[in-house]
Each structure stands twice: as structure tokens, then as C-alpha cells.
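So this one's coords-v3.pdb, PDB, C-alpha atoms, pLDDT in the B column:
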ATOM      1  CA  MET T   1      23.642 -22.828   4.837  1.00 49.00           C
ATOM      2  CA  ALA T   2      22.543 -20.411   7.560  1.00 50.00           C
ATOM      3  CA  SER T   3      24.202 -17.034   7.397  1.00 48.00           C
ATOM      4  CA  LYS T   4      25.102 -15.039  10.471  1.00 48.00           C
ATOM      5  CA  THR T   5      24.797 -11.298  10.776  1.00 51.00           C
ATOM      6  CA  ALA T   6      25.758  -9.083  13.669  1.00 55.00           C
ATOM      7  CA  THR T   7      22.601  -8.272  15.600  1.00 70.00           C
ATOM      8  CA  LYS T   8      21.791  -4.604  15.984  1.00 81.00           C
ATOM      9  CA  ASP T   9      20.064  -3.164  19.027  1.00 91.00           C
ATOM     10  CA  ILE T  10      17.726  -0.189  18.884  1.00 94.00           C
ATOM     11  CA  ILE T  11      19.367   2.807  20.567  1.00 96.00           C
ATOM     12  CA  THR T  12      17.058   5.606  21.724  1.00 96.00           C
ATOM     13  CA  LEU T  13      18.077   9.048  22.949  1.00 96.00           C
ATOM     14  CA  ARG T  14      17.190   8.094  26.522  1.00 96.00           C
ATOM     15  CA  GLY T  15      19.045   4.795  26.237  1.00 97.00           C
ATOM     16  CA  SER T  16      22.146   6.479  24.805  1.00 97.00           C
ATOM     17  CA  THR T  17      22.000   9.116  27.539  1.00 97.00           C
ATOM     18  CA  ALA T  18      21.957   6.379  30.189  1.00 97.00           C
ATOM     19  CA  ILE T  19      24.976   4.656  28.587  1.00 97.00           C
ATOM     20  CA  VAL T  20      27.059   7.857  28.445  1.00 98.00           C
ATOM     21  CA  SER T  21      26.226   9.152  31.924  1.00 97.00           C
ATOM     22  CA  GLU T  22      26.831   5.724  33.475  1.00 97.00           C
ATOM     23  CA  PHE T  23      30.142   5.470  31.610  1.00 98.00           C
ATOM     24  CA  PHE T  24      31.274   8.796  33.000  1.00 97.00           C
ATOM     25  CA  GLY T  25      30.500   7.687  36.568  1.00 97.00           C
ATOM     26  CA  TYR T  26      32.606   4.544  36.187  1.00 97.00           C
ATOM     27  CA  ALA T  27      35.363   6.394  34.308  1.00 98.00           C
ATOM     28  CA  ALA T  28      35.566   9.085  37.003  1.00 97.00           C
ATOM     29  CA  ASN T  29      35.847   6.457  39.742  1.00 97.00           C
ATOM     30  CA  SER T  30      38.536   4.631  37.770  1.00 97.00           C
ATOM     31  CA  ILE T  31      40.531   7.834  37.272  1.00 97.00           C
ATOM     32  CA  LEU T  32      40.304   8.750  40.972  1.00 97.00           C
ATOM     33  CA  TYR T  33      41.491   5.255  41.914  1.00 97.00           C
ATOM     34  CA  ASN T  34      44.247   4.811  39.343  1.00 95.00           C
ATOM     35  CA  ARG T  35      45.649   8.308  39.844  1.00 96.00           C
ATOM     36  CA  GLY T  36      45.676   7.870  43.623  1.00 95.00           C
ATOM     37  CA  VAL T  37      43.448  10.863  44.375  1.00 96.00           C
ATOM     38  CA  TYR T  38      41.752   8.816  47.126  1.00 95.00           C
ATOM     39  CA  PRO T  39      43.304   5.968  49.126  1.00 94.00           C
ATOM     40  CA  GLU T  40      43.115   2.487  47.655  1.00 94.00           C
ATOM     41  CA  GLU T  41      41.250   1.109  50.675  1.00 96.00           C
ATOM     42  CA  SER T  42      38.358   3.550  50.106  1.00 97.00           C
ATOM     43  CA  PHE T  43      37.318   1.721  46.913  1.00 98.00           C
ATOM     44  CA  GLY T  44      35.254  -1.421  46.482  1.00 97.00           C
ATOM     45  CA  ARG T  45      35.522  -3.850  43.578  1.00 96.00           C
ATOM     46  CA  VAL T  46      32.645  -4.374  41.131  1.00 97.00           C
ATOM     47  CA  LYS T  47      32.276  -5.959  37.687  1.00 96.00           C
ATOM     48  CA  LYS T  48      31.133  -3.778  34.811  1.00 96.00           C
ATOM     49  CA  TYR T  49      31.684  -3.845  31.042  1.00 96.00           C
ATOM     50  CA  GLY T  50      33.090  -7.345  31.554  1.00 95.00           C
ATOM     51  CA  LEU T  51      35.942  -5.868  33.614  1.00 96.00           C
ATOM     52  CA  PRO T  52      36.808  -5.651  37.320  1.00 96.00           C
ATOM     53  CA  LEU T  53      36.401  -1.969  38.236  1.00 96.00           C
ATOM     54  CA  LEU T  54      36.615   0.008  41.457  1.00 95.00           C
ATOM     55  CA  LEU T  55      34.035   2.368  42.923  1.00 97.00           C
ATOM     56  CA  SER T  56      34.672   4.856  45.696  1.00 97.00           C
ATOM     57  CA  GLN T  57      32.950   4.062  48.987  1.00 97.00           C
ATOM     58  CA  ASP T  58      33.490   7.636  50.188  1.00 96.00           C
ATOM     59  CA  GLU T  59      30.020   9.094  50.787  1.00 96.00           C
ATOM     60  CA  GLY T  60      31.032  12.541  49.572  1.00 95.00           C
ATOM     61  CA  VAL T  61      32.373  11.173  46.274  1.00 95.00           C
ATOM     62  CA  LYS T  62      29.352   8.884  45.792  1.00 96.00           C
ATOM     63  CA  THR T  63      26.929  11.776  46.312  1.00 95.00           C
ATOM     64  CA  PHE T  64      28.953  14.091  44.057  1.00 94.00           C
ATOM     65  CA  ILE T  65      29.024  11.606  41.162  1.00 95.00           C
ATOM     66  CA  ALA T  66      25.345  10.635  41.591  1.00 94.00           C
ATOM     67  CA  ASN T  67      24.288  14.306  41.456  1.00 92.00           C
ATOM     68  CA  LEU T  68      26.653  14.913  38.553  1.00 92.00           C
ATOM     69  CA  ASN T  69      25.196  12.034  36.545  1.00 94.00           C
ATOM     70  CA  THR T  70      21.663  13.329  37.091  1.00 93.00           C
ATOM     71  CA  GLN T  71      22.639  16.715  35.663  1.00 93.00           C
ATOM     72  CA  LEU T  72      24.652  15.200  32.801  1.00 94.00           C
ATOM     73  CA  SER T  73      21.669  13.046  31.842  1.00 95.00           C
ATOM     74  CA  GLU T  74      19.466  16.135  31.580  1.00 94.00           C
ATOM     75  CA  TRP T  75      21.971  17.929  29.342  1.00 94.00           C
ATOM     76  CA  LEU T  76      22.708  14.839  27.225  1.00 96.00           C
ATOM     77  CA  GLU T  77      19.035  14.164  26.561  1.00 95.00           C
ATOM     78  CA  ALA T  78      18.550  17.785  25.513  1.00 94.00           C
ATOM     79  CA  GLY T  79      21.586  17.584  23.204  1.00 95.00           C
ATOM     80  CA  LYS T  80      23.223  20.470  25.078  1.00 94.00           C
ATOM     81  CA  LEU T  81      26.404  18.871  26.463  1.00 95.00           C
ATOM     82  CA  GLN T  82      29.613  19.414  24.498  1.00 95.00           C
ATOM     83  CA  ARG T  83      32.349  18.374  26.900  1.00 95.00           C
ATOM     84  CA  ILE T  84      33.027  17.033  30.386  1.00 96.00           C
ATOM     85  CA  VAL T  85      36.448  17.530  31.962  1.00 96.00           C
ATOM     86  CA  LEU T  86      37.663  15.850  35.144  1.00 97.00           C
ATOM     87  CA  VAL T  87      40.464  18.024  36.525  1.00 97.00           C
ATOM     88  CA  ILE T  88      43.058  16.811  39.032  1.00 97.00           C
ATOM     89  CA  MET T  89      44.740  19.596  41.017  1.00 96.00           C
ATOM     90  CA  SER T  90      47.338  19.969  43.719  1.00 96.00           C
ATOM     91  CA  LYS T  91      45.582  20.178  47.079  1.00 96.00           C
ATOM     92  CA  ALA T  92      48.192  22.631  48.372  1.00 97.00           C
ATOM     93  CA  THR T  93      48.319  25.085  45.455  1.00 95.00           C
ATOM     94  CA  ASN T  94      45.276  24.274  43.245  1.00 94.00           C
ATOM     95  CA  GLU T  95      47.701  23.930  40.308  1.00 94.00           C
ATOM     96  CA  VAL T  96      46.116  21.856  37.548  1.00 95.00           C
ATOM     97  CA  LEU T  97      48.117  18.635  37.037  1.00 96.00           C
ATOM     98  CA  GLU T  98      45.823  16.611  34.737  1.00 97.00           C
ATOM     99  CA  ARG T  99      42.739  17.204  32.586  1.00 97.00           C
ATOM    100  CA  TRP T 100      40.675  14.187  31.499  1.00 97.00           C
ATOM    101  CA  ASN T 101      38.654  15.546  28.609  1.00 97.00           C
ATOM    102  CA  PHE T 102      35.523  13.778  27.314  1.00 98.00           C
ATOM    103  CA  SER T 103      34.220  15.527  24.165  1.00 97.00           C
ATOM    104  CA  ILE T 104      30.660  14.689  23.133  1.00 97.00           C
ATOM    105  CA  GLU T 105      29.098  14.917  19.680  1.00 97.00           C
ATOM    106  CA  THR T 106      25.321  14.508  19.558  1.00 97.00           C
ATOM    107  CA  ASP T 107      23.185  13.454  16.589  1.00 97.00           C
ATOM    108  CA  GLY T 108      20.956  16.508  16.245  1.00 95.00           C
ATOM    109  CA  GLU T 109      18.305  14.693  14.216  1.00 96.00           C
ATOM    110  CA  VAL T 110      17.687  12.268  17.088  1.00 96.00           C
ATOM    111  CA  VAL T 111      17.202  15.141  19.548  1.00 95.00           C
ATOM    112  CA  GLU T 112      14.956  17.149  17.201  1.00 95.00           C
ATOM    113  CA  LYS T 113      12.830  14.372  15.672  1.00 95.00           C
ATOM    114  CA  GLY T 114      12.940  11.609  18.283  1.00 93.00           C
ATOM    115  CA  VAL T 115      14.226   8.986  15.842  1.00 95.00           C
ATOM    116  CA  SER T 116      16.295   6.016  17.034  1.00 96.00           C
ATOM    117  CA  ARG T 117      19.536   4.479  15.769  1.00 96.00           C
ATOM    118  CA  GLU T 118      20.877   0.927  15.595  1.00 96.00           C
ATOM    119  CA  LYS T 119      24.085  -0.493  17.024  1.00 96.00           C
ATOM    120  CA  SER T 120      25.009  -3.685  18.833  1.00 96.00           C
ATOM    121  CA  ASP T 121      25.135  -3.305  22.633  1.00 95.00           C
ATOM    122  CA  LYS T 122      28.134  -5.645  22.616  1.00 95.00           C
ATOM    123  CA  GLU T 123      30.004  -3.410  20.190  1.00 96.00           C
ATOM    124  CA  ILE T 124      29.393  -0.362  22.399  1.00 97.00           C
ATOM    125  CA  MET T 125      30.596  -2.347  25.435  1.00 97.00           C
ATOM    126  CA  ARG T 126      33.785  -3.374  23.632  1.00 97.00           C
ATOM    127  CA  GLU T 127      34.530   0.262  22.781  1.00 98.00           C
ATOM    128  CA  ILE T 128      33.971   1.320  26.408  1.00 98.00           C
ATOM    129  CA  GLN T 129      36.125  -1.598  27.611  1.00 97.00           C
ATOM    130  CA  ALA T 130      39.039  -0.260  25.559  1.00 97.00           C
ATOM    131  CA  ILE T 131      38.784   3.161  27.240  1.00 97.00           C
ATOM    132  CA  MET T 132      38.512   1.669  30.737  1.00 97.00           C
ATOM    133  CA  ARG T 133      41.603  -0.465  30.080  1.00 96.00           C
ATOM    134  CA  GLN T 134      43.539   2.633  29.013  1.00 96.00           C
ATOM    135  CA  ILE T 135      42.489   4.456  32.188  1.00 96.00           C
ATOM    136  CA  ALA T 136      43.558   1.450  34.277  1.00 95.00           C
ATOM    137  CA  SER T 137      46.985   1.455  32.599  1.00 94.00           C
ATOM    138  CA  SER T 138      47.448   5.240  32.948  1.00 92.00           C
ATOM    139  CA  ILE T 139      50.235   4.734  35.504  1.00 86.00           C
ATOM    140  CA  THR T 140      52.386   3.504  32.604  1.00 91.00           C
ATOM    141  CA  TYR T 141      52.133   6.702  30.551  1.00 89.00           C
ATOM    142  CA  LEU T 142      51.357   9.502  33.040  1.00 94.00           C
ATOM    143  CA  PRO T 143      53.750  11.055  35.567  1.00 93.00           C
ATOM    144  CA  CYS T 144      53.406   9.992  39.185  1.00 91.00           C
ATOM    145  CA  LEU T 145      51.232  12.307  41.274  1.00 93.00           C
ATOM    146  CA  ASP T 146      53.474  12.509  44.319  1.00 90.00           C
ATOM    147  CA  GLU T 147      51.464  15.040  46.326  1.00 94.00           C
ATOM    148  CA  PRO T 148      47.948  15.115  47.809  1.00 96.00           C
ATOM    149  CA  CYS T 149      45.426  15.980  45.089  1.00 97.00           C
ATOM    150  CA  ILE T 150      41.810  17.057  44.749  1.00 96.00           C
ATOM    151  CA  PHE T 151      39.491  16.900  41.738  1.00 96.00           C
ATOM    152  CA  ASP T 152      36.773  18.951  40.106  1.00 94.00           C
ATOM    153  CA  VAL T 153      34.483  18.466  37.120  1.00 95.00           C
ATOM    154  CA  LEU T 154      33.852  21.056  34.426  1.00 94.00           C
ATOM    155  CA  ALA T 155      31.017  20.938  31.901  1.00 91.00           C
ATOM    156  CA  ASN T 156      30.869  22.783  28.575  1.00 90.00           C
ATOM    157  CA  THR T 157      27.299  23.218  27.383  1.00 89.00           C
ATOM    158  CA  ASP T 158      25.506  25.201  24.687  1.00 86.00           C
ATOM    159  CA  MET T 159      25.375  28.935  25.423  1.00 78.00           C
ATOM    160  CA  ASP T 160      21.600  28.928  25.961  1.00 79.00           C
ATOM    161  CA  VAL T 161      21.795  26.556  28.952  1.00 74.00           C
ATOM    162  CA  ALA T 162      21.128  28.177  32.317  1.00 74.00           C
ATOM    163  CA  VAL T 163      23.732  27.415  35.004  1.00 68.00           C
ATOM    164  CA  PRO T 164      22.138  25.130  37.647  1.00 67.00           C
ATOM    165  CA  PHE T 165      22.244  26.567  41.171  1.00 58.00           C
ATOM    166  CA  THR T 166      24.609  23.772  42.298  1.00 64.00           C
ATOM    167  CA  TRP T 167      27.147  24.753  39.585  1.00 64.00           C
ATOM    168  CA  THR T 168      29.244  27.896  39.166  1.00 67.00           C
ATOM    169  CA  GLU T 169      30.876  29.561  36.169  1.00 69.00           C
ATOM    170  CA  SER T 170      34.537  28.533  35.980  1.00 72.00           C
ATOM    171  CA  ASP T 171      37.680  29.191  34.015  1.00 77.00           C
ATOM    172  CA  PRO T 172      38.726  26.205  31.847  1.00 82.00           C
ATOM    173  CA  LYS T 173      41.556  25.227  34.240  1.00 88.00           C
ATOM    174  CA  LEU T 174      44.022  24.758  31.413  1.00 88.00           C
ATOM    175  CA  ILE T 175      47.595  23.476  31.647  1.00 90.00           C
ATOM    176  CA  ALA T 176      50.345  25.542  30.005  1.00 88.00           C
ATOM    177  CA  ASN T 177      52.273  23.576  27.353  1.00 89.00           C
ATOM    178  CA  PRO T 178      50.720  20.225  28.278  1.00 93.00           C
ATOM    179  CA  GLN T 179      51.592  16.768  27.091  1.00 94.00           C
ATOM    180  CA  MET T 180      48.573  14.986  25.610  1.00 95.00           C
ATOM    181  CA  VAL T 181      47.515  11.376  25.142  1.00 95.00           C
ATOM    182  CA  LYS T 182      44.507  10.565  22.985  1.00 96.00           C
ATOM    183  CA  LEU T 183      42.532   7.579  24.221  1.00 96.00           C
ATOM    184  CA  HIS T 184      39.931   5.446  22.455  1.00 96.00           C
ATOM    185  CA  SER T 185      36.451   6.729  21.724  1.00 98.00           C
ATOM    186  CA  PHE T 186      33.021   5.123  21.779  1.00 97.00           C
ATOM    187  CA  ASP T 187      29.910   5.815  19.765  1.00 98.00           C
ATOM    188  CA  THR T 188      26.309   4.870  20.525  1.00 97.00           C
ATOM    189  CA  LYS T 189      25.311   6.260  17.081  1.00 97.00           C
ATOM    190  CA  ILE T 190      23.587   9.062  18.999  1.00 97.00           C
ATOM    191  CA  HIS T 191      26.416  10.266  21.252  1.00 97.00           C
ATOM    192  CA  LYS T 192      30.078   9.972  20.229  1.00 98.00           C
ATOM    193  CA  VAL T 193      32.560  10.363  23.104  1.00 98.00           C
ATOM    194  CA  ASP T 194      36.221  11.175  22.405  1.00 98.00           C
ATOM    195  CA  THR T 195      38.680  10.938  25.291  1.00 97.00           C
ATOM    196  CA  LEU T 196      41.922  12.859  25.753  1.00 97.00           C
ATOM    197  CA  VAL T 197      44.117  13.286  28.814  1.00 97.00           C
ATOM    198  CA  SER T 198      46.504  16.230  29.087  1.00 96.00           C
ATOM    199  CA  TYR T 199      49.037  16.597  31.852  1.00 96.00           C
ATOM    200  CA  LYS T 200      51.686  18.936  33.201  1.00 89.00           C
ATOM    201  CA  ASN T 201      54.939  18.599  31.320  1.00 80.00           C
ATOM    202  CA  ASP T 202      57.641  18.756  33.999  1.00 70.00           C
ATOM    203  CA  GLU T 203      60.380  18.528  31.369  1.00 58.00           C
ATOM    204  CA  TRP T 204      59.215  21.883  29.997  1.00 45.00           C
ATOM    205  CA  ASP T 205      59.632  23.483  33.435  1.00 45.00           C
ATOM    206  CA  GLU T 206      63.213  22.284  33.633  1.00 43.00           C
ATOM    207  CA  GLN T 207      64.296  23.792  30.316  1.00 40.00           C
TER     208      GLN T 207
END

What is this file in C-alpha cells?
Amino acid sequence: MASKTATKDIITLRGSTAIVSEFFGYAANSILYNRGVYPEESFGRVKKYGLPLLLSQDEGVKTFIANLNTQLSEWLEAGKLQRIVLVIMSKATNEVLERWNFSIETDGEVVEKGVSREKSDKEIMREIQAIMRQIASSITYLPCLDEPCIFDVLANTDMDVAVPFTWTESDPKLIANPQMVKLHSFDTKIHKVDTLVSYKNDEWDEQ
């Protein structure tokens, strides 16, 4: 009788970097769409990770995310990126309303010695699918954003990383007494990404 085993794919540092940076681009677009930061009609539908997803057609957003992914790839491949945070703020007051936090753990041995790891591409895709589904359903567990909003992206890197000229030092844009929802994580065996969204707790303000 033939036995079946789950096939493993070779994951290199460069390949893992591409997976994580691409994920963040799609996740950012999904957050901007599902949280209503940009109008629905400014997004176009695509298929990715076996799911229908939406990508912004706004040239400014497309350029911002493309440039961001280039920089993230450089930091990821060097093993220097610890966290990416997409922050949604009130356009009128700059008050922080939501923080989408993506924490990244990197396998130091892969960065230092250039070794590879093994994991099924399909398994990684299933893990990413679960996160994208949670982002798409965020309207069910996050408060409605009933005012015009803007977004920004923060990056936490190792201390020895020079700040690129297109970036500036920033405060962490924290939310006082936030509510938090932990989402699924995914792991390429080289980069592990944990996702958490925190948001302004209006009930606290009313007490």
C-alpha cells in the first residue's frame, strides 16, 4: 500500500522575505478597505491566497505600499525587522483609533548561516488565509469608524539600523486603555508573524 506524506517545500530567507512582505501589502489593502479608510469604489478585486481580495487603485496608496514593501524586504532579509504597525487615525484630530500590530520573529541561524527550512507552501497559505478572513470580518468585532480617517505605518527595527531618508523617527502612537483582539499567526519556519489589533475603547471614555 502506498503511503502519503505531506510534501515539504524548501523555504529560503529570500523566499520567506517575499512571502511576508507580499502578505503585508495585501493585509494593508484589506484593512484599508474593510475599515473604510478609502472609498469602496477605489478598490479593485483580485484573487490571492485562494480568496477574493481587494487592492486600492489609488496611485498614492499603491506607490506608498510598493515603496514600503521594498524597505520591509531589505529589513526582513537582514533579520532586522521586529514589528510593523498599521495605524488608523482621525483625519481631523490625528487621534489614534486602531493599531494593527504585526510582530515578527526571525530565525537567527538562517540569517547568519544561510541555511534553509522546510514547510509546505499550502500550509503557509492556509495560515495566511485565516488571517485575511479575520481582517475581512473585522466589522463584526471592531467599532464603526464613523469619521474620515487616515493611516500611517510604523516599523520597529533593531537599534543598529539606520533610519532611511524616506522615514522619520516616530512615537509609538499608542492607544490609552485599548481593547485588543489577537488574530491568527503564520510561520514560514524562518519568519513567524503574530497579528494583534488594538482599538479605542469608547466605553472607557464614558465611565

Using all atoms listed in the file, which residue out of T:Ile88, T:Leu76, T:Leu183, T:Ile150 lies closest to T:Ser138?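 Looking only at the distances to T:Ser138, the closest residue turns out to be T:Leu183.
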
Selection result of the PyMOL selection byres ((chain T and resi 195) around 10) on this file, as an mmCIF file with C-alpha atoms, in the coordinates of the input:
data_model
loop_
_atom_site.group_PDB
_atom_site.id
_atom_site.type_symbol
_atom_site.label_atom_id
_atom_site.label_comp_id
_atom_site.auth_asym_id
_atom_site.auth_seq_id
_atom_site.Cartn_x
_atom_site.Cartn_y
_atom_site.Cartn_z
ATOM 1 C CA ARG T 83 32.349 18.374 26.900
ATOM 2 C CA ILE T 84 33.027 17.033 30.386
ATOM 3 C CA VAL T 85 36.448 17.530 31.962
ATOM 4 C CA TRP T 100 40.675 14.187 31.499
ATOM 5 C CA ASN T 101 38.654 15.546 28.609
ATOM 6 C CA PHE T 102 35.523 13.778 27.314
ATOM 7 C CA SER T 103 34.220 15.527 24.165
ATOM 8 C CA ILE T 104 30.660 14.689 23.133
ATOM 9 C CA ILE T 131 38.784 3.161 27.240
ATOM 10 C CA VAL T 181 47.515 11.376 25.142
ATOM 11 C CA LYS T 182 44.507 10.565 22.985
ATOM 12 C CA LEU T 183 42.532 7.579 24.221
ATOM 13 C CA HIS T 184 39.931 5.446 22.455
ATOM 14 C CA SER T 185 36.451 6.729 21.724
ATOM 15 C CA PHE T 186 33.021 5.123 21.779
ATOM 16 C CA VAL T 193 32.560 10.363 23.104
ATOM 17 C CA ASP T 194 36.221 11.175 22.405
ATOM 18 C CA LEU T 196 41.922 12.859 25.753
ATOM 19 C CA VAL T 197 44.117 13.286 28.814
#

Record the distance separating atom CA of T:Ala176 and atom CA of T:Glu95, expressed in Å with one decimal. 10.8 Å

Within 9 Å of stretch 38-43 of chain T using only C-alpha atoms, minus same-chain residues under 2 positions, as a PDB file with C-alpha atoms, keeping the file's coordinate frame:
ATOM      1  CA  ASN T  29      35.847   6.457  39.742  1.00 97.00           C
ATOM      2  CA  LEU T  32      40.304   8.750  40.972  1.00 97.00           C
ATOM      3  CA  TYR T  33      41.491   5.255  41.914  1.00 97.00           C
ATOM      4  CA  ASN T  34      44.247   4.811  39.343  1.00 95.00           C
ATOM      5  CA  ARG T  35      45.649   8.308  39.844  1.00 96.00           C
ATOM      6  CA  GLY T  36      45.676   7.870  43.623  1.00 95.00           C
ATOM      7  CA  ARG T  45      35.522  -3.850  43.578  1.00 96.00           C
ATOM      8  CA  LEU T  54      36.615   0.008  41.457  1.00 95.00           C
ATOM      9  CA  LEU T  55      34.035   2.368  42.923  1.00 97.00           C
ATOM     10  CA  SER T  56      34.672   4.856  45.696  1.00 97.00           C
ATOM     11  CA  GLN T  57      32.950   4.062  48.987  1.00 97.00           C
ATOM     12  CA  ASP T  58      33.490   7.636  50.188  1.00 96.00           C
ATOM     13  CA  PRO T 148      47.948  15.115  47.809  1.00 96.00           C
ATOM     14  CA  CYS T 149      45.426  15.980  45.089  1.00 97.00           C
ATOM     15  CA  ILE T 150      41.810  17.057  44.749  1.00 96.00           C
TER      16      ILE T 150
END

The PyMOL selection byres ((chain T and resi 110-118) around 10) resolved against shown file, as a ChimeraX atom specification: /T:7-16,76-80,106-109,119-121,188-191

So that I can see what lies close to T:Asn69, please list as a PyMOL selection string the residues with an atom at most 9 Å from it, counting only C-alpha atoms and leaving out residues fewer than 3 positions away in the same chain. chain T and resi 21-22+24-25+64-66+72-74

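Between atom CA of T:Leu154 and atom CA of T:Ser170 there is a distance of 7.7 Å.
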
Residue nearest T:Asn67 - candidates T:Ala27, T:Cys144, T:Met132, T:Val153, atoms counted: all atoms listed in the file: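 When distances to T:Asn67 are compared using all atoms listed in the file, the smallest one comes from T:Val153.
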
Using only C-alpha atoms for the distances, tell me which of T:Ala28, T:Ala136, T:Met89, T:Val96 is nearest to T:Phe151.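 Of all the options, T:Met89 lies closest to T:Phe151.
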
Mind listing whatever residues come within 12 Å of the point (33.8, -7.7, 31.6)? Use all atoms listed in the file, file coordinates, and give them as JSON, numbers by chain. {"T": [46, 47, 48, 49, 50, 51, 52, 53, 122, 125, 126, 127, 128, 129, 130, 132, 133]}

To one decimal place, how far is atom CA of T:Asn156 from atom CA of T:Gly60 in Å? 23.4 Å
